[in-house]
file structure.cif (mmCIF, C-alpha atoms and all ligand atoms)
data_work
loop_
_atom_site.label_atom_id
_atom_site.label_comp_id
_atom_site.auth_asym_id
_atom_site.auth_seq_id
_atom_site.Cartn_x
_atom_site.Cartn_y
_atom_site.Cartn_z
CA MET H 27 126.82 104.54 94.92
CA ILE H 28 126.30 101.23 96.69
CA LEU H 29 128.79 99.28 98.77
CA VAL H 30 127.91 95.61 99.00
CA ILE H 31 129.32 94.25 102.25
CA ARG H 32 130.87 90.77 102.38
CA PRO H 33 128.51 88.20 103.92
CA ASP H 34 131.17 87.27 106.50
CA ALA H 35 132.03 90.86 107.49
CA THR H 36 132.08 91.48 111.25
CA LEU H 37 129.98 94.16 112.93
CA GLU H 38 133.18 96.09 113.65
CA GLN H 39 134.09 96.02 109.96
CA ILE H 40 130.64 97.29 108.99
CA ASP H 41 130.91 100.11 111.56
CA HIS H 42 134.33 100.94 110.16
CA VAL H 43 132.94 101.10 106.60
CA ILE H 44 130.22 103.53 107.76
CA GLU H 45 132.73 105.68 109.65
CA THR H 46 135.13 105.79 106.70
CA VAL H 47 132.36 106.77 104.29
CA ARG H 48 131.56 109.69 106.62
CA GLU H 49 135.23 110.65 107.00
CA LEU H 50 135.58 110.78 103.22
CA GLY H 51 132.79 113.36 103.14
CA PHE H 52 129.85 111.19 102.05
CA THR H 53 126.56 110.27 103.79
CA PRO H 54 126.02 106.55 104.48
CA HIS H 55 122.57 104.89 104.49
CA VAL H 56 122.62 101.33 105.76
CA SER H 57 120.22 98.64 104.60
CA ARG H 58 120.54 95.37 106.52
CA GLY H 59 118.99 92.51 104.57
CA GLU H 60 118.68 88.91 105.74
CA SER H 61 121.82 87.75 104.02
CA ARG H 62 123.55 91.00 103.01
CA THR H 63 124.22 94.46 104.31
CA ILE H 64 124.34 97.24 101.79
CA VAL H 65 125.60 100.76 102.38
CA GLY H 66 124.15 103.46 100.14
CA VAL H 67 126.62 106.29 99.72
CA ILE H 68 125.28 109.71 98.90
CA GLY H 69 127.66 112.42 97.73
CA ASP H 70 129.57 113.67 94.75
CA GLU H 71 130.61 110.60 92.76
CA ALA H 72 133.18 112.67 90.91
CA LYS H 73 135.31 113.00 94.07
CA PRO H 74 138.61 111.11 93.79
CA GLN H 75 138.02 109.46 97.21
CA VAL H 76 135.44 107.21 95.50
CA GLU H 77 138.34 105.06 94.33
CA ASN H 78 139.14 104.21 97.96
CA PHE H 79 135.84 102.56 98.79
CA SER H 80 136.83 99.15 97.41
CA ALA H 81 139.87 99.18 99.72
CA ILE H 82 137.84 99.36 102.94
CA PRO H 83 137.95 95.96 104.69
CA GLY H 84 134.59 94.20 104.48
CA VAL H 85 133.55 95.85 101.21
CA GLU H 86 132.99 93.24 98.50
CA GLN H 87 131.66 95.32 95.59
CA VAL H 88 131.22 98.97 94.70
CA HIS H 89 128.37 99.82 92.32
CA ARG H 90 127.53 103.18 90.88
CA ILE H 91 123.77 103.77 90.67
CA LEU H 92 122.99 105.46 87.44
CA LYS H 93 119.43 106.42 88.36
CA PRO H 94 119.00 109.91 89.84
CA PHE H 95 117.12 108.39 92.78
CA LYS H 96 119.41 106.20 94.87
CA LEU H 97 117.83 105.21 98.18
CA ALA H 98 114.48 104.63 96.49
CA SER H 99 116.03 102.39 93.83
CA ARG H 100 115.82 98.62 93.55
CA GLU H 101 119.58 98.55 93.25
CA PHE H 102 119.91 99.92 96.78
CA HIS H 103 117.38 97.49 98.26
CA LYS H 104 116.56 94.43 96.16
CA PRO H 105 113.61 92.93 98.08
CA ASP H 106 110.26 94.73 98.35
CA SER H 107 110.23 97.00 101.39
CA ALA H 108 107.43 96.82 103.92
CA VAL H 109 106.28 99.91 105.80
CA TYR H 110 104.53 99.65 109.16
CA VAL H 111 101.76 102.06 110.07
CA GLY H 112 101.14 101.20 113.68
CA LYS H 113 100.78 97.42 113.48
CA VAL H 114 99.61 97.45 109.88
CA LYS H 115 102.13 96.13 107.39
CA ILE H 116 102.09 97.59 103.87
CA GLY H 117 104.13 95.86 101.19
CA ALA H 118 105.93 92.55 100.74
CA GLY H 119 102.65 90.65 100.33
CA SER H 120 100.62 92.59 102.88
CA LEU H 121 97.97 94.94 101.50
CA ALA H 122 96.63 98.19 102.92
CA MET H 123 93.03 99.29 102.63
CA ILE H 124 92.99 102.96 103.54
CA ALA H 125 89.42 104.22 103.76
CA GLY H 126 87.43 107.07 105.24
CA PRO H 127 85.82 110.37 104.33
CA CYS H 128 87.71 112.99 102.33
CA ALA H 129 87.62 115.42 105.26
CA VAL H 130 87.05 115.13 108.97
CA GLU H 131 83.71 116.98 109.24
CA ASN H 132 82.55 116.25 112.77
CA TYR H 133 82.72 113.40 115.29
CA GLU H 134 79.48 111.72 114.18
CA VAL H 135 80.37 111.32 110.50
CA MET H 136 83.91 110.18 111.33
CA ASP H 137 82.59 107.65 113.84
CA THR H 138 79.90 106.31 111.48
CA VAL H 139 82.22 105.94 108.50
CA ALA H 140 84.94 104.36 110.67
CA LYS H 141 82.47 101.80 112.02
CA TYR H 142 81.49 100.76 108.49
CA VAL H 143 84.96 100.66 106.96
CA LYS H 144 86.36 98.76 109.94
CA ALA H 145 83.56 96.20 109.62
CA GLY H 146 84.35 95.89 105.91
CA GLY H 147 88.02 95.18 106.53
CA ALA H 148 89.77 98.53 106.11
CA ASN H 149 92.98 98.55 108.12
CA ILE H 150 93.88 102.28 108.08
CA LEU H 151 91.44 105.16 108.63
CA ARG H 152 91.77 108.37 106.64
CA GLY H 153 90.32 111.87 106.97
CA GLY H 154 91.74 115.28 106.10
CA ALA H 155 91.93 117.98 108.76
CA PHE H 156 93.89 120.36 106.52
CA LYS H 157 92.33 120.35 103.05
CA PRO H 158 94.05 121.63 99.90
CA ARG H 159 91.07 123.09 98.04
CA THR H 160 91.08 124.68 94.60
CA SER H 161 88.82 127.46 95.89
CA PRO H 162 89.78 129.55 98.91
CA TYR H 163 86.05 129.76 99.71
CA ALA H 164 85.61 125.97 99.96
CA PHE H 165 85.77 124.12 103.31
CA GLN H 166 89.42 124.19 104.37
CA GLY H 167 89.24 121.48 107.04
CA MET H 168 88.78 121.53 110.80
CA GLY H 169 92.48 121.89 111.64
CA GLU H 170 93.57 120.69 115.07
CA ASP H 171 89.99 119.95 116.18
CA GLY H 172 89.74 117.59 113.21
CA LEU H 173 93.02 115.92 114.14
CA LYS H 174 91.66 115.26 117.64
CA ILE H 175 88.49 113.67 116.26
CA LEU H 176 90.47 111.50 113.83
CA LYS H 177 92.77 110.28 116.59
CA ASP H 178 89.89 109.53 118.99
CA VAL H 179 87.93 107.62 116.38
CA GLY H 180 91.03 105.73 115.25
CA GLN H 181 91.63 104.64 118.83
CA LYS H 182 88.00 103.66 119.31
CA TYR H 183 88.13 101.29 116.32
CA ASP H 184 91.75 100.27 116.88
CA MET H 185 92.85 101.60 113.49
CA PRO H 186 95.94 103.67 112.73
CA VAL H 187 95.09 106.96 111.03
CA VAL H 188 96.50 108.96 108.13
CA THR H 189 95.91 112.63 107.45
CA GLU H 190 97.33 115.26 105.13
CA VAL H 191 99.99 117.76 106.12
CA MET H 192 100.20 120.76 103.80
CA ASP H 193 102.95 122.90 105.26
CA PRO H 194 106.32 122.20 106.92
CA ARG H 195 105.15 124.27 109.93
CA GLN H 196 102.28 121.80 110.50
CA VAL H 197 104.42 118.67 110.67
CA ASP H 198 105.03 118.67 114.45
CA LEU H 199 101.37 119.31 115.19
CA VAL H 200 100.09 116.65 112.79
CA CYS H 201 102.64 114.12 114.10
CA ARG H 202 101.12 114.43 117.57
CA TYR H 203 97.79 113.07 116.32
CA THR H 204 98.46 110.79 113.38
CA ASP H 205 100.16 107.46 112.63
CA MET H 206 101.03 108.39 109.04
CA LEU H 207 101.61 111.72 107.27
CA GLN H 208 99.97 112.22 103.88
CA ILE H 209 101.62 114.49 101.33
CA GLY H 210 98.99 115.33 98.75
CA ALA H 211 99.29 115.56 94.97
CA ARG H 212 99.48 119.34 95.08
CA ASN H 213 102.45 119.22 97.44
CA MET H 214 104.43 116.38 95.89
CA GLN H 215 107.16 118.83 94.97
CA ASN H 216 106.95 121.03 98.04
CA PHE H 217 110.57 120.28 98.81
CA ASP H 218 110.62 121.93 102.23
CA LEU H 219 107.62 119.80 103.23
CA LEU H 220 109.30 116.64 101.90
CA LYS H 221 112.43 117.41 103.92
CA GLU H 222 110.46 118.13 107.08
CA CYS H 223 108.52 114.86 106.73
CA GLY H 224 111.85 113.15 106.12
CA LYS H 225 112.92 114.27 109.59
CA ALA H 226 109.70 113.10 111.24
CA ASN H 227 109.43 109.68 112.82
CA LYS H 228 106.15 108.78 111.10
CA PRO H 229 105.64 106.88 107.86
CA VAL H 230 104.72 109.02 104.86
CA LEU H 231 102.02 108.47 102.22
CA LEU H 232 103.32 110.33 99.17
CA LYS H 233 100.81 110.97 96.39
CA ARG H 234 101.83 111.47 92.78
CA GLY H 235 101.44 115.03 91.58
CA MET H 236 98.84 115.54 88.89
CA SER H 237 101.45 116.43 86.29
CA ALA H 238 104.36 114.46 87.73
CA THR H 239 106.17 111.66 85.96
CA VAL H 240 106.96 108.40 87.73
CA LYS H 241 110.55 109.60 87.94
CA ASP H 242 109.43 112.87 89.58
CA LEU H 243 107.49 110.82 92.14
CA LEU H 244 110.53 108.70 92.94
CA MET H 245 112.72 111.81 93.20
CA SER H 246 110.27 113.26 95.73
CA ALA H 247 110.42 110.01 97.71
CA GLU H 248 114.22 110.35 97.60
CA TYR H 249 113.96 113.71 99.41
CA ILE H 250 112.20 111.98 102.32
CA LEU H 251 114.55 108.98 102.38
CA ALA H 252 117.64 111.21 102.18
CA GLU H 253 116.58 112.87 105.46
CA GLY H 254 116.61 109.47 107.16
CA ASN H 255 112.93 108.48 107.02
CA LYS H 256 112.83 105.04 105.37
CA ASP H 257 109.06 104.61 105.58
CA VAL H 258 107.55 105.91 102.38
CA VAL H 259 104.48 104.51 100.63
CA LEU H 260 103.78 105.87 97.14
CA VAL H 261 100.31 106.52 95.73
CA GLU H 262 99.19 106.52 92.10
CA ARG H 263 96.14 108.83 92.07
CA GLY H 264 95.82 109.72 88.41
CA VAL H 265 97.27 112.50 86.34
CA ARG H 266 95.67 115.33 84.35
CA SER H 267 94.80 114.50 80.75
CA PHE H 268 92.53 115.54 77.89
CA GLU H 269 89.90 113.04 79.04
CA ASP H 270 87.11 114.99 80.68
CA SER H 271 84.72 112.22 81.70
CA THR H 272 86.93 111.25 84.63
CA ARG H 273 88.51 113.52 87.23
CA ASN H 274 92.03 112.42 86.28
CA MET H 275 93.48 109.63 84.20
CA LEU H 276 94.55 106.63 86.23
CA ASP H 277 98.00 105.44 85.17
CA MET H 278 97.78 101.80 86.23
CA SER H 279 101.08 101.05 84.53
CA ALA H 280 102.72 103.21 87.23
CA VAL H 281 102.34 100.24 89.60
CA PRO H 282 104.60 97.75 87.78
CA ASN H 283 106.67 100.67 86.49
CA VAL H 284 107.48 101.79 90.06
CA LYS H 285 107.95 98.23 91.24
CA GLY H 286 110.55 97.57 88.57
CA GLN H 287 112.58 100.59 89.62
CA SER H 288 111.97 100.85 93.35
CA HIS H 289 111.58 98.71 96.47
CA LEU H 290 109.01 101.09 97.98
CA PRO H 291 105.39 99.97 98.34
CA ILE H 292 102.89 101.61 95.99
CA ILE H 293 99.14 101.75 96.44
CA VAL H 294 96.40 103.13 94.17
CA ASP H 295 93.74 105.75 94.91
CA PRO H 296 90.92 105.23 92.38
CA SER H 297 88.71 107.78 94.20
CA HIS H 298 90.78 110.81 93.23
CA ALA H 299 91.92 109.17 89.99
CA THR H 300 88.43 108.68 88.54
CA GLY H 301 86.18 110.80 90.74
CA ARG H 302 83.40 108.32 89.93
CA PRO H 303 81.91 105.72 92.26
CA ASP H 304 80.73 103.69 89.24
CA LEU H 305 84.37 103.22 88.14
CA ILE H 306 86.09 102.94 91.52
CA PRO H 307 85.40 99.24 92.26
CA ALA H 308 86.74 98.05 88.89
CA MET H 309 89.84 100.22 89.28
CA CYS H 310 90.40 98.86 92.81
CA ARG H 311 90.25 95.34 91.44
CA ALA H 312 92.64 96.28 88.64
CA SER H 313 95.03 97.77 91.24
CA VAL H 314 95.29 94.53 93.19
CA ALA H 315 95.65 92.58 89.93
CA ALA H 316 98.44 94.95 88.81
CA GLY H 317 100.40 94.13 91.96
CA ALA H 318 99.65 97.22 94.07
CA ASP H 319 100.35 97.00 97.79
CA GLY H 320 96.95 98.35 98.64
CA VAL H 321 94.12 100.65 97.80
CA HIS H 322 92.92 104.02 99.07
CA VAL H 323 89.23 104.96 98.80
CA GLU H 324 86.92 107.64 100.12
CA VAL H 325 83.76 106.47 101.84
CA HIS H 326 80.88 108.54 103.23
CA ASN H 327 77.59 107.53 104.82
CA CYS H 328 75.82 110.51 103.23
CA PRO H 329 77.78 111.75 100.20
CA GLU H 330 75.17 114.39 99.36
CA LYS H 331 75.99 116.18 102.60
CA ALA H 332 79.77 115.65 102.48
CA MET H 333 81.83 118.82 102.86
CA SER H 334 84.38 117.76 100.25
CA ASP H 335 84.59 115.18 97.45
CA GLY H 336 81.04 113.89 98.12
CA PRO H 337 80.37 112.88 94.50
CA GLN H 338 83.27 110.41 94.49
CA ALA H 339 82.55 108.77 97.86
CA LEU H 340 81.54 105.12 98.02
CA LEU H 341 78.56 104.27 100.19
CA PRO H 342 79.22 101.85 103.07
CA HIS H 343 77.45 98.93 101.35
CA GLN H 344 79.47 99.52 98.15
CA PHE H 345 82.64 99.43 100.22
CA LEU H 346 81.58 96.17 101.83
CA ASP H 347 80.93 94.50 98.45
CA LEU H 348 84.22 95.82 97.10
CA MET H 349 86.23 94.38 99.98
CA GLY H 350 84.73 90.94 99.36
CA ASP H 351 85.92 91.02 95.74
CA LEU H 352 89.32 92.42 96.67
CA ARG H 353 89.97 89.75 99.28
CA ARG H 354 89.32 87.01 96.71
CA LEU H 355 91.58 88.74 94.22
CA ALA H 356 94.31 89.18 96.80
CA THR H 357 94.28 85.45 97.49
CA ALA H 358 94.65 84.77 93.77
CA MET H 359 97.61 87.19 93.71
CA GLY H 360 99.28 85.42 96.65
CA CYS H 361 98.87 88.31 99.09
CA GLU H 362 96.35 89.42 101.70
CA PHE H 363 94.88 92.51 103.29
CA TRP H 364 96.50 93.04 106.66
CA ALA H 365 94.07 92.20 109.45
CA PRO H 366 94.54 92.25 113.23
CA PRO H 367 95.18 88.82 114.74
CA GLU H 368 91.94 87.19 115.93
CA LYS H 369 91.45 87.45 119.66
C1 LIG H 401 92.83 113.60 99.44
O1 LIG H 401 93.38 112.51 99.67
O2 LIG H 401 91.75 113.94 99.97
C2 LIG H 401 93.42 114.48 98.42
C3 LIG H 401 93.25 115.80 98.46
O3 LIG H 401 94.10 113.79 97.48
P1 LIG H 401 95.07 114.29 96.29
O4 LIG H 401 96.18 115.01 96.98
O5 LIG H 401 95.48 113.02 95.64
O6 LIG H 401 94.25 115.18 95.40
MN MN H 402 89.42 113.86 98.72
#
call {"tool": "encode", "arguments": {"input": "structure.cif", "output": "structure tokens", "more": "lines below"}}
Ligand code: PEP
Ligand code: MN
result
Amino acid sequence: MILVIRPDATLEQIDHVIETVRELGFTPHVSRGESRTIVGVIGDEAKPQVENFSAIPGVEQVHRILKPFKLASREFHKPDSAVYVGKVKIGAGSLAMIAGPCAVENYEVMDTVAKYVKAGGANILRGGAFKPRTSPYAFQGMGEDGLKILKDVGQKYDMPVVTEVMDPRQVDLVCRYTDMLQIGARNMQNFDLLKECGKANKPVLLKRGMSATVKDLLMSAEYILAEGNKDVVLVERGVRSFEDSTRNMLDMSAVPNVKGQSHLPIIVDPSHATGRPDLIPAMCRASVAAGADGVHVEVHNCPEKAMSDGPQALLPHQFLDLMGDLRRLATAMGCEFWAPPEK
């Protein structure tokens, strides 16, 4: 349910609304917009106390949200939300370019790839230290040593970093080293992990599960928001299909589909969606044209020696060319890739 607060309500009245919602046994979530404050009310809408909400001074309207996701819905927050990762703004016209190797392999590779992607205009550096691999015999990631390398390299190039967290017990550790927590496709419905990340004070990059619907994705985002973490960025990374010439099938319609239903930023990951460097640039361009709030790509200076996802990595010069195209497209779309202010 949503309580729309009167534009002339005093701060005391708003505080009183929040207190009363709590006293009636519901959980309030406040969204302060430029002209309006809205209070999302989570709880059993069948309770008779619901009738009382319209009587609280300062409340102008009471709306029931019919969608199963509430805090993630457009009804709760009309304008596009922006999420900050360090200084980097994602959403509301500001685009993210998240780039880096699939896994943190060693300092040298991380440093080399970071140098190239930074020069190309990437604004967030990625690299997995805990890798969800199909085979238990495949490289599982460097763990904490990898987190240290990622953090050091991020600082060296003045880029915030994002890395995957696979287990609720890893959240504290990963938070010490990263600027953004990634929840991978395989863990999109790991509800304990979603709740733990919802309690963390880091933004979350939530990837769509490979057999998840758009609604499932938004419900998973709701788990994080319901714990109090408002900073969620969604990722379309393709879903499983009968097509076997690409790694997954990229659902580009998920971008406007999510945007219609939710205020949360959504970016696209054509690397995991297609698994093919020959298709990735076109799909990145399509993402920006579809209105995505950014793109996520894997880049490696020597894909043949990469310890995971080498075949889908872009080479540094391919990344550079791609960014040139994407910047022009972004201008045409009335947005821009976030860049640090010139010194
Ligand atoms: C990754 O980003 O390296 C990754 C494992 O992605 P996904 O969870 O989308 O498969
Ligand atoms: Mn990968």
call {"tool": "closest_residue", "arguments": {"input": "structure.cif", "among": "H:Asp171, H:Asp257, H:Glu190, H:Glu101", "to": "ligand LIG 401 (chain H)", "atoms": "all atoms listed in the file"}}
result
H:Glu190
call {"tool": "axis_aligned_box", "arguments": {"input": "structure.cif", "around": "ligand LIG 401 (chain H)", "padding_each_side": "6 Å", "output": "JSON"}}
result
{"center_x": 94.0, "center_y": 114.2, "center_z": 97.7, "size_x": 16.4, "size_y": 15.3, "size_z": 16.6}
call {"tool": "residues_near_ligand", "arguments": {"input": "structure.cif", "ligand": "ligand LIG 401 (chain H)", "cutoff": "10 Å", "atoms": "only C-alpha atoms and all ligand atoms", "output": "PyMOL selection string"}}
result
chain H and resi 126-129+152-160+188-190+192+208-214+231-236+261-265+274+295-299+322-324+334-335
call {"tool": "residues_around", "arguments": {"input": "structure.cif", "residues": "Leu340 (chain H)", "least_positions_apart": "6", "cutoff": "9 Å", "atoms": "all atoms listed in the file", "output": "VMD selection string"}}
result
chain H and resid 297 302 to 304 306 323 to 327 329
call {"tool": "atom_distance", "arguments": {"input": "structure.cif", "atom1": "CA of Ala252 (chain H)", "atom2": "CA of Tyr203 (chain H)"}}
result
24.4 Å
call {"tool": "residues_near_point", "arguments": {"input": "structure.cif", "point": "(132.3, 95.5, 101.5)", "cutoff": "7 Å", "atoms": "all atoms listed in the file", "output": "list in words"}}
result
Leu29, Val30, Ile31, Arg32, Ile82, Pro83, Gly84, Val85, Glu86 and Gln87 of chain H
call {"tool": "residues_around", "arguments": {"input": "structure.cif", "residues": "Pro229 (chain H)", "least_positions_apart": "2", "cutoff": "8 Å", "atoms": "all atoms listed in the file", "output": "number ranges by chain"}}
result
H: 109-111, 205-207, 227, 231, 255-259
call {"tool": "write_last_selection", "arguments": {"input": "structure.cif", "atoms": "C-alpha atoms", "output": "JSON list (two decimals), keeping the file's coordinate frame"}}
result
[["chain", "number", "residue", "atom", "x", "y", "z"],
["H", 109, "VAL", "CA", 106.28, 99.91, 105.80],
["H", 110, "TYR", "CA", 104.53, 99.65, 109.16],
["H", 111, "VAL", "CA", 101.76, 102.06, 110.07],
["H", 205, "ASP", "CA", 100.16, 107.46, 112.63],
["H", 206, "MET", "CA", 101.03, 108.39, 109.04],
["H", 207, "LEU", "CA", 101.61, 111.72, 107.27],
["H", 227, "ASN", "CA", 109.43, 109.68, 112.82],
["H", 231, "LEU", "CA", 102.02, 108.47, 102.22],
["H", 255, "ASN", "CA", 112.93, 108.48, 107.02],
["H", 256, "LYS", "CA", 112.83, 105.04, 105.37],
["H", 257, "ASP", "CA", 109.06, 104.61, 105.58],
["H", 258, "VAL", "CA", 107.55, 105.91, 102.38],
["H", 259, "VAL", "CA", 104.48, 104.51, 100.63]]
call {"tool": "closest_residue", "arguments": {"input": "structure.cif", "among": "H:Asn132, H:Ser99, H:Ser61, H:Gln75", "to": "Ala332 (chain H)", "atoms": "all atoms listed in the file"}}
result
H:Asn132
call {"tool": "residues_near_point", "arguments": {"input": "structure.cif", "point": "(92.1, 96.7, 92.6)", "cutoff": "7 Å", "atoms": "all atoms listed in the file", "output": "ChimeraX atom specification"}}
result
/H:308-315,321,352
call {"tool": "atom_distance", "arguments": {"input": "structure.cif", "atom1": "CA of Ala358 (chain H)", "atom2": "CA of Gly119 (chain H)"}}
result
11.9 Å
call {"tool": "closest_residue", "arguments": {"input": "structure.cif", "among": "H:Ser267, H:Gln196, H:Gln166, H:Thr36", "to": "Val130 (chain H)", "atoms": "all atoms listed in the file"}}
result
H:Gln166
call {"tool": "atom_distance", "arguments": {"input": "structure.cif", "atom1": "CA of Gly112 (chain H)", "atom2": "CA of Asp178 (chain H)"}}
result
15.0 Å
call {"tool": "closest_residue", "arguments": {"input": "structure.cif", "among": "H:Val200, H:Ala125, H:Ile250, H:Ala316", "to": "ligand MN 402 (chain H)", "atoms": "only C-alpha atoms and all ligand atoms"}}
result
H:Ala125
call {"tool": "closest_residue", "arguments": {"input": "structure.cif", "among": "H:Met245, H:Val65, H:Ala72, H:Ala339", "to": "ligand MN 402 (chain H)", "atoms": "only C-alpha atoms and all ligand atoms"}}
result
H:Ala339
call {"tool": "closest_residue", "arguments": {"input": "structure.cif", "among": "H:Ile150, H:Ala35, H:Ala226, H:Leu50", "to": "Pro74 (chain H)", "atoms": "only C-alpha atoms"}}
result
H:Leu50
call {"tool": "decode", "arguments": {"input": "structure.cif", "residues": "region 163-174 of chain H", "atoms": "N, CA, C and O atoms", "output": "PDB file, in the first residue's frame"}}
result
ATOM      1  N   TYR H 163      35.527 -28.825 -10.586  1.00  0.00           N
ATOM      2  CA  TYR H 163      36.972 -28.920 -10.867  1.00  0.00           C
ATOM      3  C   TYR H 163      37.502 -27.672 -11.558  1.00  0.00           C
ATOM      4  O   TYR H 163      38.689 -27.520 -11.757  1.00  0.00           O
ATOM      5  N   ALA H 164      36.584 -26.775 -11.984  1.00  0.00           N
ATOM      6  CA  ALA H 164      37.015 -25.543 -12.657  1.00  0.00           C
ATOM      7  C   ALA H 164      37.515 -24.532 -11.611  1.00  0.00           C
ATOM      8  O   ALA H 164      37.200 -24.651 -10.422  1.00  0.00           O
ATOM      9  N   PHE H 165      38.280 -23.549 -12.070  1.00  0.00           N
ATOM     10  CA  PHE H 165      38.825 -22.493 -11.202  1.00  0.00           C
ATOM     11  C   PHE H 165      37.697 -21.831 -10.402  1.00  0.00           C
ATOM     12  O   PHE H 165      36.751 -21.308 -10.974  1.00  0.00           O
ATOM     13  N   GLN H 166      37.828 -21.844  -9.099  1.00  0.00           N
ATOM     14  CA  GLN H 166      36.741 -21.365  -8.226  1.00  0.00           C
ATOM     15  C   GLN H 166      36.922 -19.911  -7.770  1.00  0.00           C
ATOM     16  O   GLN H 166      36.103 -19.398  -7.014  1.00  0.00           O
ATOM     17  N   GLY H 167      38.015 -19.294  -8.211  1.00  0.00           N
ATOM     18  CA  GLY H 167      38.271 -17.908  -7.801  1.00  0.00           C
ATOM     19  C   GLY H 167      39.332 -17.854  -6.713  1.00  0.00           C
ATOM     20  O   GLY H 167      39.590 -18.843  -6.036  1.00  0.00           O
ATOM     21  N   MET H 168      39.912 -16.660  -6.555  1.00  0.00           N
ATOM     22  CA  MET H 168      41.031 -16.506  -5.616  1.00  0.00           C
ATOM     23  C   MET H 168      40.578 -16.204  -4.188  1.00  0.00           C
ATOM     24  O   MET H 168      41.412 -16.065  -3.291  1.00  0.00           O
ATOM     25  N   GLY H 169      39.280 -16.022  -3.982  1.00  0.00           N
ATOM     26  CA  GLY H 169      38.803 -15.719  -2.628  1.00  0.00           C
ATOM     27  C   GLY H 169      39.321 -14.373  -2.140  1.00  0.00           C
ATOM     28  O   GLY H 169      39.462 -13.424  -2.930  1.00  0.00           O
ATOM     29  N   GLU H 170      39.659 -14.309  -0.852  1.00  0.00           N
ATOM     30  CA  GLU H 170      40.037 -13.022  -0.258  1.00  0.00           C
ATOM     31  C   GLU H 170      41.262 -12.407  -0.938  1.00  0.00           C
ATOM     32  O   GLU H 170      41.344 -11.176  -1.083  1.00  0.00           O
ATOM     33  N   ASP H 171      42.205 -13.218  -1.368  1.00  0.00           N
ATOM     34  CA  ASP H 171      43.377 -12.659  -2.073  1.00  0.00           C
ATOM     35  C   ASP H 171      42.927 -11.918  -3.336  1.00  0.00           C
ATOM     36  O   ASP H 171      43.481 -10.879  -3.693  1.00  0.00           O
ATOM     37  N   GLY H 172      41.915 -12.472  -4.006  1.00  0.00           N
ATOM     38  CA  GLY H 172      41.384 -11.822  -5.202  1.00  0.00           C
ATOM     39  C   GLY H 172      40.678 -10.510  -4.858  1.00  0.00           C
ATOM     40  O   GLY H 172      40.787  -9.516  -5.599  1.00  0.00           O
ATOM     41  N   LEU H 173      39.987 -10.510  -3.735  1.00  0.00           N
ATOM     42  CA  LEU H 173      39.297  -9.275  -3.310  1.00  0.00           C
ATOM     43  C   LEU H 173      40.314  -8.158  -3.075  1.00  0.00           C
ATOM     44  O   LEU H 173      40.086  -6.999  -3.436  1.00  0.00           O
ATOM     45  N   LYS H 174      41.454  -8.544  -2.462  1.00  0.00           N
ATOM     46  CA  LYS H 174      42.496  -7.542  -2.168  1.00  0.00           C
ATOM     47  C   LYS H 174      43.046  -6.953  -3.466  1.00  0.00           C
ATOM     48  O   LYS H 174      43.222  -5.741  -3.586  1.00  0.00           O
TER      49      LYS H 174
END
